[in-house]
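This is structure-v9.cif (mmCIF, C-alpha atoms (C1' of nucleotides)).
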```cif
data_final
loop_
_atom_site.label_atom_id
_atom_site.label_comp_id
_atom_site.auth_asym_id
_atom_site.auth_seq_id
_atom_site.Cartn_x
_atom_site.Cartn_y
_atom_site.Cartn_z
CA MET U 235 0.00 0.00 0.00
CA LYS U 236 1.71 3.12 -1.19
CA ASP U 237 -0.35 5.73 -2.95
CA LEU U 238 -3.62 3.94 -3.49
CA ASP U 239 -4.46 3.86 0.16
CA LEU U 240 -4.02 7.55 0.71
CA ASP U 241 -7.29 8.29 -1.04
CA THR U 242 -9.04 5.48 0.81
CA LYS U 243 -7.84 6.73 4.17
CA GLN U 244 -8.69 10.32 3.40
CA LYS U 245 -12.13 9.20 2.39
CA ALA U 246 -12.54 7.23 5.62
CA ILE U 247 -11.58 10.26 7.64
CA LEU U 248 -13.90 12.64 5.83
CA ASP U 249 -16.76 10.14 5.94
CA ALA U 250 -16.28 9.63 9.66
CA ALA U 251 -16.03 13.37 10.17
CA TRP U 252 -19.21 14.03 8.26
CA THR U 253 -21.04 11.33 10.19
CA ALA U 254 -19.83 12.67 13.52
CA PHE U 255 -20.66 16.29 12.66
CA ALA U 256 -24.12 15.27 11.49
CA THR U 257 -24.66 13.15 14.61
CA TYR U 258 -23.31 15.43 17.34
CA GLY U 259 -22.89 18.82 15.71
CA PHE U 260 -19.59 20.64 15.33
CA ARG U 261 -19.08 21.68 18.94
CA LYS U 262 -19.77 18.31 20.51
CA THR U 263 -17.72 16.34 18.02
CA SER U 264 -14.25 15.49 19.36
CA MET U 265 -11.20 14.49 17.40
CA ASP U 266 -11.49 11.11 19.08
CA ASP U 267 -14.99 10.65 17.69
CA ILE U 268 -13.66 11.22 14.20
CA ALA U 269 -10.52 9.14 14.69
CA ARG U 270 -12.44 6.14 16.03
CA GLY U 271 -14.99 6.50 13.28
CA ALA U 272 -12.19 6.37 10.73
CA GLY U 273 -10.63 3.38 12.48
CA MET U 274 -7.43 5.02 13.68
CA SER U 275 -5.95 6.67 16.74
CA ARG U 276 -6.24 10.34 17.49
CA ALA U 277 -2.52 10.75 16.98
CA ALA U 278 -2.76 9.29 13.48
CA LEU U 279 -5.56 11.69 12.67
CA TYR U 280 -3.32 14.61 13.61
CA LEU U 281 -0.87 13.37 10.98
CA HIS U 282 -3.47 14.16 8.34
CA TYR U 283 -5.15 17.28 9.71
CA ARG U 284 -4.01 20.04 12.01
CA ASN U 285 -7.26 20.19 14.00
CA LYS U 286 -11.03 20.01 13.82
CA ASP U 287 -11.33 23.23 11.85
CA ASP U 288 -8.93 21.87 9.27
CA ILE U 289 -11.08 18.78 8.78
CA PHE U 290 -14.20 20.87 8.57
CA GLN U 291 -12.68 23.17 5.98
CA THR U 292 -11.70 20.21 3.84
CA LEU U 293 -15.24 18.92 4.15
CA VAL U 294 -16.61 22.28 3.08
CA ARG U 295 -14.25 22.39 0.10
CA HIS U 296 -15.29 18.93 -1.02
CA CYS U 297 -18.89 19.95 -0.63
CA TYR U 298 -18.39 22.91 -2.95
CA ASP U 299 -16.54 20.65 -5.39
CA LYS U 300 -19.51 18.33 -5.63
CA CYS U 301 -21.85 21.26 -5.75
CA SER U 302 -19.97 23.00 -8.56
CA ALA U 303 -19.84 19.80 -10.59
CA ALA U 304 -23.56 19.16 -10.18
CA LEU U 305 -24.40 22.75 -11.02
CA ALA U 306 -22.19 22.86 -14.11
CA ALA U 307 -23.60 19.57 -15.35
CA ALA U 308 -27.16 20.75 -14.88
CA LEU U 309 -26.53 24.06 -16.63
CA ASN U 310 -24.91 22.30 -19.58
CA GLN U 311 -28.10 20.43 -20.38
CA ASP U 312 -30.07 21.62 -23.39
CA GLY U 313 -33.49 23.17 -22.89
CA ALA U 314 -35.40 26.36 -22.31
CA VAL U 315 -33.71 28.84 -19.96
CA PRO U 316 -36.28 28.77 -17.12
CA GLU U 317 -36.46 24.97 -17.04
CA VAL U 318 -32.70 24.53 -17.09
CA LEU U 319 -32.34 27.11 -14.36
CA GLU U 320 -34.87 25.32 -12.17
CA THR U 321 -33.17 21.97 -12.65
CA ALA U 322 -29.82 23.54 -11.86
CA VAL U 323 -30.74 25.32 -8.65
CA LEU U 324 -32.50 22.21 -7.41
CA ALA U 325 -29.48 20.05 -8.22
CA GLN U 326 -27.30 22.49 -6.35
CA GLY U 327 -29.57 22.50 -3.32
CA GLU U 328 -29.78 18.73 -3.28
CA ILE U 329 -26.13 18.64 -2.26
CA VAL U 330 -25.59 21.52 0.17
CA VAL U 331 -29.00 22.52 1.41
CA ARG U 332 -30.64 19.15 1.89
CA PRO U 333 -28.19 17.86 4.50
CA MET U 334 -28.27 21.21 6.25
CA LEU U 335 -32.01 21.55 6.56
CA SER U 336 -32.83 17.92 7.30
CA SER U 337 -30.17 17.25 9.93
CA ALA U 338 -30.69 18.05 13.60
CA HIS U 339 -27.41 19.98 13.61
CA GLY U 340 -27.66 21.67 10.25
CA MET U 341 -27.89 25.16 11.71
CA GLU U 342 -24.85 24.74 13.91
CA LEU U 343 -22.90 23.37 10.97
CA MET U 344 -23.88 26.34 8.83
CA GLU U 345 -22.71 28.60 11.63
CA ALA U 346 -19.44 26.71 11.90
CA GLY U 347 -19.06 26.97 8.15
CA THR U 348 -19.33 30.73 8.13
CA THR U 349 -17.05 31.28 11.13
CA THR U 350 -14.27 28.70 11.05
CA SER U 351 -13.86 28.49 7.29
CA SER U 352 -15.20 31.70 5.83
CA GLU U 353 -12.28 31.60 3.38
CA MET U 354 -13.44 28.30 1.93
CA VAL U 355 -17.05 29.42 1.81
CA HIS U 356 -16.23 32.66 0.03
CA GLU U 357 -14.12 30.88 -2.52
CA GLY U 358 -16.78 28.22 -3.03
CA GLU U 359 -19.53 30.76 -3.46
CA ALA U 360 -17.35 32.60 -5.98
CA ARG U 361 -16.94 29.39 -7.96
CA LEU U 362 -20.70 28.89 -8.05
CA ARG U 363 -21.23 32.49 -9.10
CA LYS U 364 -18.70 32.03 -11.88
CA ILE U 365 -20.55 28.97 -13.18
CA TYR U 366 -23.83 30.85 -13.29
CA ALA U 367 -22.12 33.87 -14.86
CA ASP U 368 -20.52 31.80 -17.64
CA TRP U 369 -23.84 30.15 -18.40
CA LEU U 370 -25.64 33.49 -18.50
CA ALA U 371 -22.97 35.07 -20.69
CA ARG U 372 -23.16 32.15 -23.10
CA HIS U 373 -26.91 32.50 -23.44
CA GLU U 374 -26.70 36.26 -23.71
CA LYS U 375 -24.26 35.94 -26.58
CA ALA U 376 -26.58 33.42 -28.23
CA GLY U 377 -29.44 35.88 -27.84
CA ASP U 378 -31.49 33.59 -25.61
CA VAL U 379 -31.64 36.03 -22.70
CA THR U 380 -31.57 39.74 -22.04
CA LEU U 381 -29.87 40.71 -18.80
CA PRO U 382 -30.57 43.91 -16.84
CA GLY U 383 -26.88 44.12 -15.96
CA SER U 384 -23.68 42.20 -16.41
CA ALA U 385 -23.67 38.41 -16.28
CA GLU U 386 -21.64 38.59 -13.07
CA GLU U 387 -24.19 40.86 -11.41
CA MET U 388 -27.02 38.58 -12.46
CA ALA U 389 -25.13 35.54 -11.17
CA ALA U 390 -24.59 37.32 -7.85
CA LEU U 391 -28.30 38.07 -7.71
CA ILE U 392 -29.16 34.41 -8.22
CA THR U 393 -26.74 33.05 -5.64
CA SER U 394 -27.64 35.63 -3.03
CA SER U 395 -31.35 34.89 -3.53
CA LEU U 396 -30.63 31.19 -3.10
CA LYS U 397 -28.77 31.88 0.11
CA GLY U 398 -31.75 33.90 1.30
CA ALA U 399 -34.06 31.01 0.56
CA LYS U 400 -31.76 28.69 2.49
CA VAL U 401 -31.59 30.71 5.68
CA THR U 402 -35.29 31.47 5.57
CA ALA U 403 -36.73 28.05 4.79
CA GLY U 404 -38.02 25.92 7.63
CA SER U 405 -37.53 22.64 5.82
CA TYR U 406 -35.96 21.27 2.70
CA ASP U 407 -39.37 21.08 1.04
CA ASP U 408 -39.96 24.75 1.83
CA TYR U 409 -36.62 25.51 0.28
CA CYS U 410 -37.40 23.57 -2.89
CA GLN U 411 -40.67 25.39 -3.30
CA SER U 412 -39.10 28.81 -2.83
CA VAL U 413 -36.31 27.96 -5.19
CA ARG U 414 -38.66 26.66 -7.85
CA MET U 415 -40.56 29.92 -7.78
CA LEU U 416 -37.33 31.87 -7.82
CA ALA U 417 -36.14 29.98 -10.90
CA ALA U 418 -39.47 30.56 -12.62
CA VAL U 419 -39.44 34.30 -11.94
CA PHE U 420 -35.80 34.80 -12.86
CA GLY U 421 -36.19 32.62 -15.93
CA ALA U 422 -39.25 34.45 -17.15
CA GLY U 423 -37.61 37.79 -16.39
CA ILE U 424 -34.54 37.25 -18.53
CA ALA U 425 -35.60 34.83 -21.27
CA ASN U 426 -36.34 36.26 -24.71
CA MET S 202 -47.98 31.54 41.28
CA LYS S 203 -47.69 28.91 43.97
CA ASP S 204 -48.33 25.37 42.89
CA LEU S 205 -49.22 25.92 39.29
CA ASP S 206 -45.75 26.96 38.30
CA LEU S 207 -44.03 23.93 39.75
CA ASP S 208 -45.61 21.79 37.08
CA THR S 209 -44.74 24.31 34.41
CA LYS S 210 -41.11 24.47 35.46
CA GLN S 211 -40.79 20.72 35.83
CA LYS S 212 -42.27 20.36 32.41
CA ALA S 213 -39.81 22.86 30.96
CA ILE S 214 -36.92 20.95 32.47
CA LEU S 215 -38.08 17.56 31.27
CA ASP S 216 -38.88 18.90 27.81
CA ALA S 217 -35.46 20.50 27.56
CA ALA S 218 -33.84 17.33 28.84
CA TRP S 219 -35.64 15.17 26.32
CA THR S 220 -34.73 17.55 23.50
CA ALA S 221 -31.09 17.60 24.54
CA PHE S 222 -30.88 13.81 24.96
CA ALA S 223 -32.50 13.29 21.57
CA THR S 224 -30.22 15.85 19.96
CA TYR S 225 -26.85 14.98 21.48
CA GLY S 226 -27.33 11.59 23.11
CA PHE S 227 -26.97 10.92 26.82
CA ARG S 228 -23.20 11.09 27.08
CA LYS S 229 -22.76 14.36 25.18
CA THR S 230 -25.59 16.14 26.96
CA SER S 231 -24.36 18.40 29.76
CA MET S 232 -26.34 19.78 32.65
CA ASP S 233 -25.76 23.20 31.11
CA ASP S 234 -27.44 22.11 27.87
CA ILE S 235 -30.51 21.13 29.84
CA ALA S 236 -30.46 24.17 32.10
CA ARG S 237 -30.18 26.60 29.20
CA GLY S 238 -32.85 24.71 27.33
CA ALA S 239 -35.15 25.10 30.30
CA GLY S 240 -34.25 28.78 30.61
CA MET S 241 -32.42 28.67 33.92
CA SER S 242 -28.95 28.45 35.37
CA ARG S 243 -27.17 25.19 36.09
CA ALA S 244 -27.32 25.92 39.81
CA ALA S 245 -31.09 26.28 39.66
CA LEU S 246 -31.36 22.98 37.86
CA TYR S 247 -29.49 21.29 40.71
CA LEU S 248 -32.22 22.52 43.05
CA HIS S 249 -34.66 20.28 41.20
CA TYR S 250 -32.54 17.24 40.33
CA ARG S 251 -29.48 15.68 41.89
CA ASN S 252 -27.72 15.01 38.59
CA LYS S 253 -28.12 13.88 34.99
CA ASP S 254 -29.08 10.35 35.94
CA ASP S 255 -31.81 11.69 38.19
CA ILE S 256 -33.31 13.66 35.32
CA PHE S 257 -33.06 10.69 33.03
CA GLN S 258 -34.78 8.42 35.53
CA THR S 259 -37.63 10.86 35.88
CA LEU S 260 -37.92 10.96 32.12
CA VAL S 261 -38.02 7.17 31.98
CA ARG S 262 -40.68 7.05 34.67
CA HIS S 263 -42.85 9.57 32.83
CA CYS S 264 -42.38 7.55 29.68
CA TYR S 265 -43.68 4.42 31.38
CA ASP S 266 -46.56 6.45 32.80
CA LYS S 267 -47.66 7.49 29.35
CA CYS S 268 -47.02 4.04 28.03
CA SER S 269 -49.08 2.33 30.73
CA ALA S 270 -51.95 4.74 30.20
CA ALA S 271 -51.96 4.19 26.44
CA LEU S 272 -51.75 0.44 26.86
CA ALA S 273 -54.53 0.26 29.43
CA ALA S 274 -56.76 2.44 27.28
CA ALA S 275 -56.15 0.30 24.20
CA LEU S 276 -56.82 -2.94 26.07
CA ASN S 277 -60.06 -1.59 27.50
CA GLN S 278 -61.55 -1.17 24.02
CA ASP S 279 -64.16 -3.71 22.99
CA GLY S 280 -63.41 -6.10 20.16
CA ALA S 281 -62.00 -9.49 19.24
CA VAL S 282 -58.95 -10.52 21.25
CA PRO S 283 -56.40 -10.60 18.39
CA GLU S 284 -57.45 -7.20 17.06
CA VAL S 285 -57.44 -5.55 20.46
CA LEU S 286 -54.03 -7.05 21.18
CA GLU S 287 -52.62 -5.69 17.94
CA THR S 288 -53.98 -2.22 18.59
CA ALA S 289 -52.59 -2.31 22.10
CA VAL S 290 -49.05 -3.38 21.30
CA LEU S 291 -48.88 -0.82 18.51
CA ALA S 292 -50.15 1.91 20.82
CA GLN S 293 -47.51 0.93 23.36
CA GLY S 294 -44.74 0.97 20.75
CA GLU S 295 -45.84 4.31 19.42
CA ILE S 296 -44.70 5.89 22.67
CA VAL S 297 -41.49 4.11 23.70
CA VAL S 298 -40.21 2.40 20.61
CA ARG S 299 -40.81 5.03 17.98
CA PRO S 300 -38.60 7.71 19.51
CA MET S 301 -35.91 5.12 20.19
CA LEU S 302 -35.73 3.65 16.71
CA SER S 303 -36.17 6.84 14.73
CA SER S 304 -33.76 9.06 16.64
CA ALA S 305 -30.06 9.19 15.84
CA HIS S 306 -29.24 8.51 19.50
CA GLY S 307 -31.96 6.00 20.28
CA MET S 308 -29.54 3.15 20.87
CA GLU S 309 -27.39 5.11 23.28
CA LEU S 310 -30.49 6.22 25.16
CA MET S 311 -31.71 2.64 25.44
CA GLU S 312 -28.30 1.70 26.80
CA ALA S 313 -28.43 4.57 29.28
CA GLY S 314 -31.90 3.48 30.29
CA THR S 315 -30.83 -0.03 31.18
CA THR S 316 -27.68 1.02 33.02
CA THR S 317 -28.35 4.24 34.88
CA SER S 318 -31.97 3.59 35.77
CA SER S 319 -32.50 -0.16 35.73
CA GLU S 320 -34.71 0.25 38.78
CA MET S 321 -37.14 2.48 36.93
CA VAL S 322 -37.11 0.24 33.89
CA HIS S 323 -37.80 -2.90 35.90
CA GLU S 324 -40.65 -1.25 37.72
CA GLY S 325 -42.07 0.13 34.49
CA GLU S 326 -41.90 -3.21 32.74
CA ALA S 327 -43.61 -4.79 35.71
CA ARG S 328 -46.44 -2.29 35.44
CA LEU S 329 -46.88 -3.09 31.75
CA ARG S 330 -46.84 -6.81 32.52
CA LYS S 331 -49.50 -6.29 35.17
CA ILE S 332 -51.75 -4.49 32.69
CA TYR S 333 -51.46 -7.32 30.18
CA ALA S 334 -51.98 -9.89 32.93
CA ASP S 335 -55.14 -8.21 34.20
CA TRP S 336 -56.54 -8.03 30.70
CA LEU S 337 -55.74 -11.68 30.03
CA ALA S 338 -57.23 -12.80 33.36
CA ARG S 339 -60.38 -10.86 32.65
CA HIS S 340 -60.83 -12.52 29.28
CA GLU S 341 -59.95 -15.92 30.67
CA LYS S 342 -62.66 -15.58 33.27
CA ALA S 343 -65.10 -14.52 30.57
CA GLY S 344 -64.16 -17.59 28.56
CA ASP S 345 -62.79 -15.60 25.62
CA VAL S 346 -59.31 -17.08 25.78
CA THR S 347 -57.58 -20.26 26.89
CA LEU S 348 -54.10 -19.71 28.31
CA PRO S 349 -51.33 -22.32 28.33
CA GLY S 350 -50.23 -21.04 31.73
CA SER S 351 -51.04 -18.34 34.22
CA ALA S 352 -52.06 -14.87 33.06
CA GLU S 353 -48.84 -13.52 34.55
CA GLU S 354 -46.73 -15.98 32.59
CA MET S 355 -48.55 -15.13 29.39
CA ALA S 356 -48.10 -11.41 30.06
CA ALA S 357 -44.39 -11.97 30.62
CA LEU S 358 -44.22 -13.85 27.33
CA ILE S 359 -45.84 -10.97 25.48
CA THR S 360 -43.66 -8.25 26.98
CA SER S 361 -40.45 -10.19 26.50
CA SER S 362 -41.34 -10.89 22.88
CA LEU S 363 -42.00 -7.20 22.37
CA LYS S 364 -38.63 -6.36 23.87
CA GLY S 365 -37.04 -8.82 21.49
CA ALA S 366 -38.73 -7.17 18.54
CA LYS S 367 -37.47 -3.82 19.73
CA VAL S 368 -33.81 -4.72 20.03
CA THR S 369 -33.89 -6.69 16.78
CA ALA S 370 -35.72 -4.29 14.50
CA GLY S 371 -33.70 -2.03 12.24
CA SER S 372 -36.39 0.60 11.93
CA TYR S 373 -39.71 1.53 13.46
CA ASP S 374 -41.52 0.13 10.45
CA ASP S 375 -39.72 -3.19 10.89
CA TYR S 376 -40.79 -3.17 14.50
CA CYS S 377 -44.43 -2.51 13.65
CA GLN S 378 -44.46 -5.35 11.17
CA SER S 379 -42.91 -7.82 13.64
CA VAL S 380 -45.26 -6.73 16.35
CA ARG S 381 -48.31 -7.04 14.15
CA MET S 382 -47.39 -10.61 13.33
CA LEU S 383 -46.67 -11.29 16.97
CA ALA S 384 -50.09 -10.03 17.96
CA ALA S 385 -51.76 -12.11 15.26
CA VAL S 386 -49.98 -15.31 16.32
CA PHE S 387 -50.52 -14.79 20.03
CA GLY S 388 -54.12 -13.75 19.45
CA ALA S 389 -54.89 -16.78 17.33
CA GLY S 390 -53.08 -19.02 19.77
CA ILE S 391 -55.13 -18.08 22.82
CA ALA S 392 -58.54 -16.97 21.48
CA ASN S 393 -61.41 -19.39 21.73
"C1'" DG C 69 -44.18 48.13 53.66
"C1'" DA C 70 -41.95 44.45 56.49
"C1'" DC C 71 -40.85 39.83 57.03
"C1'" DA C 72 -39.74 35.00 56.15
"C1'" DA C 73 -39.34 31.42 52.80
"C1'" DA C 74 -38.24 29.93 48.37
"C1'" DA C 75 -36.01 30.39 44.12
"C1'" DT C 76 -32.14 31.88 41.40
"C1'" DC C 77 -27.60 33.09 40.25
"C1'" DG C 78 -22.30 33.97 40.06
"C1'" DA C 79 -18.46 31.98 41.41
"C1'" DC C 80 -15.40 28.52 43.36
"C1'" DA C 81 -12.82 24.12 43.83
"C1'" DC C 82 -12.50 19.95 41.93
"C1'" DA C 83 -13.04 16.20 38.27
"C1'" DA C 84 -13.21 14.69 33.74
"C1'" DA C 85 -12.53 15.17 28.87
"C1'" DA C 86 -10.28 17.00 24.84
"C1'" DT C 87 -6.12 18.80 22.67
"C1'" DG C 88 -1.69 18.72 20.48
"C1'" DT C 89 2.97 16.55 20.67
"C1'" DC C 90 6.68 13.13 20.78
"C1'" DA C 91 9.55 9.23 21.50
"C1'" DA C 92 9.14 4.54 20.70
"C1'" DA C 93 7.14 0.41 18.55
"C1'" DG C 94 5.36 -1.86 14.07
"C1'" DA C 95 5.02 -2.73 9.33
"C1'" DC C 96 6.65 -2.75 4.84
"C1'" DT C 97 10.47 -2.52 1.12
"C1'" DG C 98 14.60 -3.43 -0.90
"C1'" DC V 144 18.26 -6.82 8.58
"C1'" DA V 145 18.73 -1.97 7.79
"C1'" DG V 146 16.13 1.92 6.41
"C1'" DT V 147 11.92 4.32 5.82
"C1'" DC V 148 7.43 5.41 6.71
"C1'" DT V 149 3.24 4.84 9.57
"C1'" DT V 150 0.94 4.32 13.75
"C1'" DT V 151 0.45 4.60 18.43
"C1'" DG V 152 0.44 5.05 23.82
"C1'" DA V 153 1.37 8.34 26.91
"C1'" DC V 154 2.15 12.91 28.56
"C1'" DA V 155 1.49 17.98 29.76
"C1'" DT V 156 -1.63 21.39 28.96
"C1'" DT V 157 -5.98 23.47 28.11
"C1'" DT V 158 -10.79 23.32 28.09
"C1'" DT V 159 -15.17 21.81 29.61
"C1'" DG V 160 -18.28 19.91 33.02
"C1'" DT V 161 -19.73 19.04 37.99
"C1'" DG V 162 -21.60 19.88 42.43
"C1'" DT V 163 -21.89 23.27 46.15
"C1'" DC V 164 -22.38 27.66 48.72
"C1'" DG V 165 -23.08 32.35 50.04
"C1'" DA V 166 -25.20 36.41 48.20
"C1'" DT V 167 -29.18 38.33 45.97
"C1'" DT V 168 -33.64 38.61 44.18
"C1'" DT V 169 -38.40 37.17 44.01
"C1'" DT V 170 -42.71 35.57 46.09
"C1'" DG V 171 -46.44 35.24 49.25
"C1'" DT V 172 -48.26 36.69 53.82
"C1'" DC V 173 -49.34 39.66 57.40
#
```
I need this file expressed as structure tokens, please.
Amino acid sequence: MKDLDLDTKQKAILDAAWTAFATYGFRKTSMDDIARGAGMSRAALYLHYRNKDDIFQTLVRHCYDKCSAALAAALNQDGAVPEVLETAVLAQGEIVVRPMLSSAHGMELMEAGTTTSSEMVHEGEARLRKIYADWLARHEKAGDVTLPGSAEEMAALITSSLKGAKVTAGSYDDYCQSVRMLAAVFGAGIAN
Amino acid sequence: MKDLDLDTKQKAILDAAWTAFATYGFRKTSMDDIARGAGMSRAALYLHYRNKDDIFQTLVRHCYDKCSAALAAALNQDGAVPEVLETAVLAQGEIVVRPMLSSAHGMELMEAGTTTSSEMVHEGEARLRKIYADWLARHEKAGDVTLPGSAEEMAALITSSLKGAKVTAGSYDDYCQSVRMLAAVFGAGIAN
DNA sequence: GACAAAATCGACACAAAATGTCAAAGACTG
DNA sequence: CAGTCTTTGACATTTTGTGTCGATTTTGTC
């Protein structure tokens, strides 16, 4: 076992970390919880990550990776602008928002996300904005949409509205409903 | 406010305790979690309960209270023996088993129940057995059922089988299915 | 309003748990 | 079996939780 196991081990750690965070919340999760969950000693865990924040940041980064991929894939589908937009925002929410709003500790984890790894979150949000912006610019060039401002501004509007829906919604179903309406309104507002 | 508020405060404490136990599990719940949840200081909480175990025991006792009441009510309904039995065991499970099997920390709480307050659990189980036994004896006297042993023995058989279903089942739905079959078999086996 | 009783809190001393580190023991390779 | 890399038990330190007590406020009664 030389290089192949590195990925496996990393995955075990991050899986265990996610499980522990979802089960106990960020505050009540100890490094020992994560280490035992990943089948190793605490000391070994410190060989891979500096501390709990470090693990959490990595988790957040991976989350944005998955989210960006899902979003980009959804936006690359063919179809009318409003429908594609709806599919895309829902695909995005499926990954980040669902676990947050359906877990008992989702709120605390969101809090932890914004405080301990605001760097990661900002960068991740920027990536999502960029994906929306590229998509919008592409469709603007093709004459499918008319934007009231730049593609970047419109992308920022979309992502900030989504964030609003997230922090407001009481449940994941609420969120989906809000977001569907949002996609419909935005889509109708910009489509030619 | 003289006597009325005692109940209110007690209720606040027990509600907060239950919420905290369900959210964090027994081990990770601190007295401060409960105190804050009940809107008081830790010191005030110690005026009402000696420690965490004490609170938990009270919670267990209240649980058996509710459970006994639901069971007795269900068994007092008119109807054929197998049907009444099914309704009763399901009503009983609705209260104790459901929260256990659907919560993320149900297993740990069950563990805590058997270790820190085995007294309470034994007494509670005995009360449930008594309720079954009384019901069985009543129907035996009326000639509705024929028991292979004493009413107490039959009651013990029922409750132990239910406990088995509880610890075996993977989900609450599994449990309900097992218990339904159990009620059908027992009912058919003793009804005249 | 004055008084006693009960309830509540801040703070303290102590206990337990979590953290981060390191020397030493294992496991694998050549 | 020597060398390298990984893992760990154990330690000192910090942080969190516990149970108690005197001071303070609130409550009910006269």
Please identify every residue of chain S that has at least one atom no farther than 8 Å from an atom of chain C, counting only C-alpha atoms (C1' of nucleotides), and for each give the shortest atom pair and the distance in Å to one decimal, arranged by chain then increasing number, as a Markdown table.
```
| residue | atom | partner | partner_atom | distance |
| --- | --- | --- | --- | --- |
| S:Ser242 | CA | C:DC77 | C1' | 6.9 |
| S:Ala244 | CA | C:DC77 | C1' | 7.2 |
| S:Ala245 | CA | C:DT76 | C1' | 6.0 |
```
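Atom CA of Ala403 of chain U to atom CA of Leu335 of chain U spans 8.2 Å [interatomic distance, one decimal].
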Could you list, as a count of residues only, every residue of chain S that has an atom within 10 Å of an atom of chain V, counting only C-alpha atoms (C1' of nucleotides)?
10
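Against this structure, the PyMOL selection byres ((chain S) within 12 of (chain U)) ends up with Thr220, Ala221, Phe222, Ala223, Thr224, Tyr225, Gly226, Phe227, Arg228, Lys229, Thr230, Ser231, Asp234, Ser304, Ala305, His306 and Gly307 of chain S.
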>> Since I can't run it myself right now, could you work out what the PyMOL selection byres ((chain S and resi 215) around 9) selects here and report it as a PyMOL selection string?
In response: chain S and resi 210-214+216-220+235+239+256-257+259-260
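The shell of residues at most 10 Å from Arg332 of chain U, with all atoms listed in the file counted and near chain neighbours (fewer than 3 positions) removed, consists of Leu324, Gln326, Gly327, Glu328, Ile329, Leu335, Ser336, Ser337, Gly340, Lys400, Ser405, Tyr406, Asp407, Tyr409 and Cys410 of chain U.
Excluding Gln258 of chain S itself and same-chain residues fewer than 4 positions from it, the residues having an atom within 12 Å of it are S:Leu215, S:Ala218, S:Trp219, S:Phe227, S:Tyr250, S:Arg251, S:Asn252, S:Lys253, S:Asp254, S:Arg262, S:His263, S:Cys264, S:Tyr265, S:Leu310, S:Ala313, S:Gly314, S:Thr315, S:Thr316, S:Thr317, S:Ser318, S:Ser319, S:Glu320, S:Met321, S:Val322, S:His323, S:Glu324, S:Gly325, counting all atoms listed in the file.
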A straight line from atom CA of Gln278 of chain S to atom CA of Ala357 of chain S spans 21.3 Å
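Relative to atom CA of Leu370 of chain U, atom CA of Leu391 of chain U is found at 12.0 Å.
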Can you sort out segment 289-301 of chain U so it carries N, CA and C atoms, written as an mmCIF file, keeping the file's coordinate frame?
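Produced file selection-v8.cif, reproduced below:
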```cif
data_model
loop_
_atom_site.group_PDB
_atom_site.id
_atom_site.type_symbol
_atom_site.label_atom_id
_atom_site.label_comp_id
_atom_site.auth_asym_id
_atom_site.auth_seq_id
_atom_site.Cartn_x
_atom_site.Cartn_y
_atom_site.Cartn_z
ATOM 1 N N ILE U 289 -10.231 19.834 9.343
ATOM 2 C CA ILE U 289 -11.080 18.780 8.780
ATOM 3 C C ILE U 289 -12.358 19.381 8.220
ATOM 4 N N PHE U 290 -12.926 20.282 8.998
ATOM 5 C CA PHE U 290 -14.200 20.870 8.570
ATOM 6 C C PHE U 290 -14.029 21.655 7.277
ATOM 7 N N GLN U 291 -12.938 22.409 7.198
ATOM 8 C CA GLN U 291 -12.680 23.170 5.980
ATOM 9 C C GLN U 291 -12.567 22.261 4.770
ATOM 10 N N THR U 292 -11.847 21.162 4.943
ATOM 11 C CA THR U 292 -11.700 20.210 3.840
ATOM 12 C C THR U 292 -13.066 19.682 3.415
ATOM 13 N N LEU U 293 -13.889 19.407 4.417
ATOM 14 C CA LEU U 293 -15.240 18.920 4.150
ATOM 15 C C LEU U 293 -16.028 19.956 3.356
ATOM 16 N N VAL U 294 -15.892 21.214 3.773
ATOM 17 C CA VAL U 294 -16.610 22.280 3.080
ATOM 18 C C VAL U 294 -16.126 22.393 1.635
ATOM 19 N N ARG U 295 -14.807 22.306 1.451
ATOM 20 C CA ARG U 295 -14.250 22.390 0.100
ATOM 21 C C ARG U 295 -14.795 21.280 -0.784
ATOM 22 N N HIS U 296 -14.774 20.054 -0.257
ATOM 23 C CA HIS U 296 -15.290 18.930 -1.020
ATOM 24 C C HIS U 296 -16.763 19.119 -1.364
ATOM 25 N N CYS U 297 -17.475 19.706 -0.420
ATOM 26 C CA CYS U 297 -18.890 19.950 -0.630
ATOM 27 C C CYS U 297 -19.087 20.893 -1.806
ATOM 28 N N TYR U 298 -18.285 21.959 -1.846
ATOM 29 C CA TYR U 298 -18.390 22.910 -2.950
ATOM 30 C C TYR U 298 -17.936 22.282 -4.262
ATOM 31 N N ASP U 299 -16.962 21.361 -4.182
ATOM 32 C CA ASP U 299 -16.540 20.650 -5.390
ATOM 33 C C ASP U 299 -17.721 19.909 -6.001
ATOM 34 N N LYS U 300 -18.372 19.109 -5.146
ATOM 35 C CA LYS U 300 -19.510 18.330 -5.630
ATOM 36 C C LYS U 300 -20.607 19.235 -6.152
ATOM 37 N N CYS U 301 -20.795 20.327 -5.400
ATOM 38 C CA CYS U 301 -21.850 21.260 -5.750
ATOM 39 C C CYS U 301 -21.575 21.919 -7.091
#
```
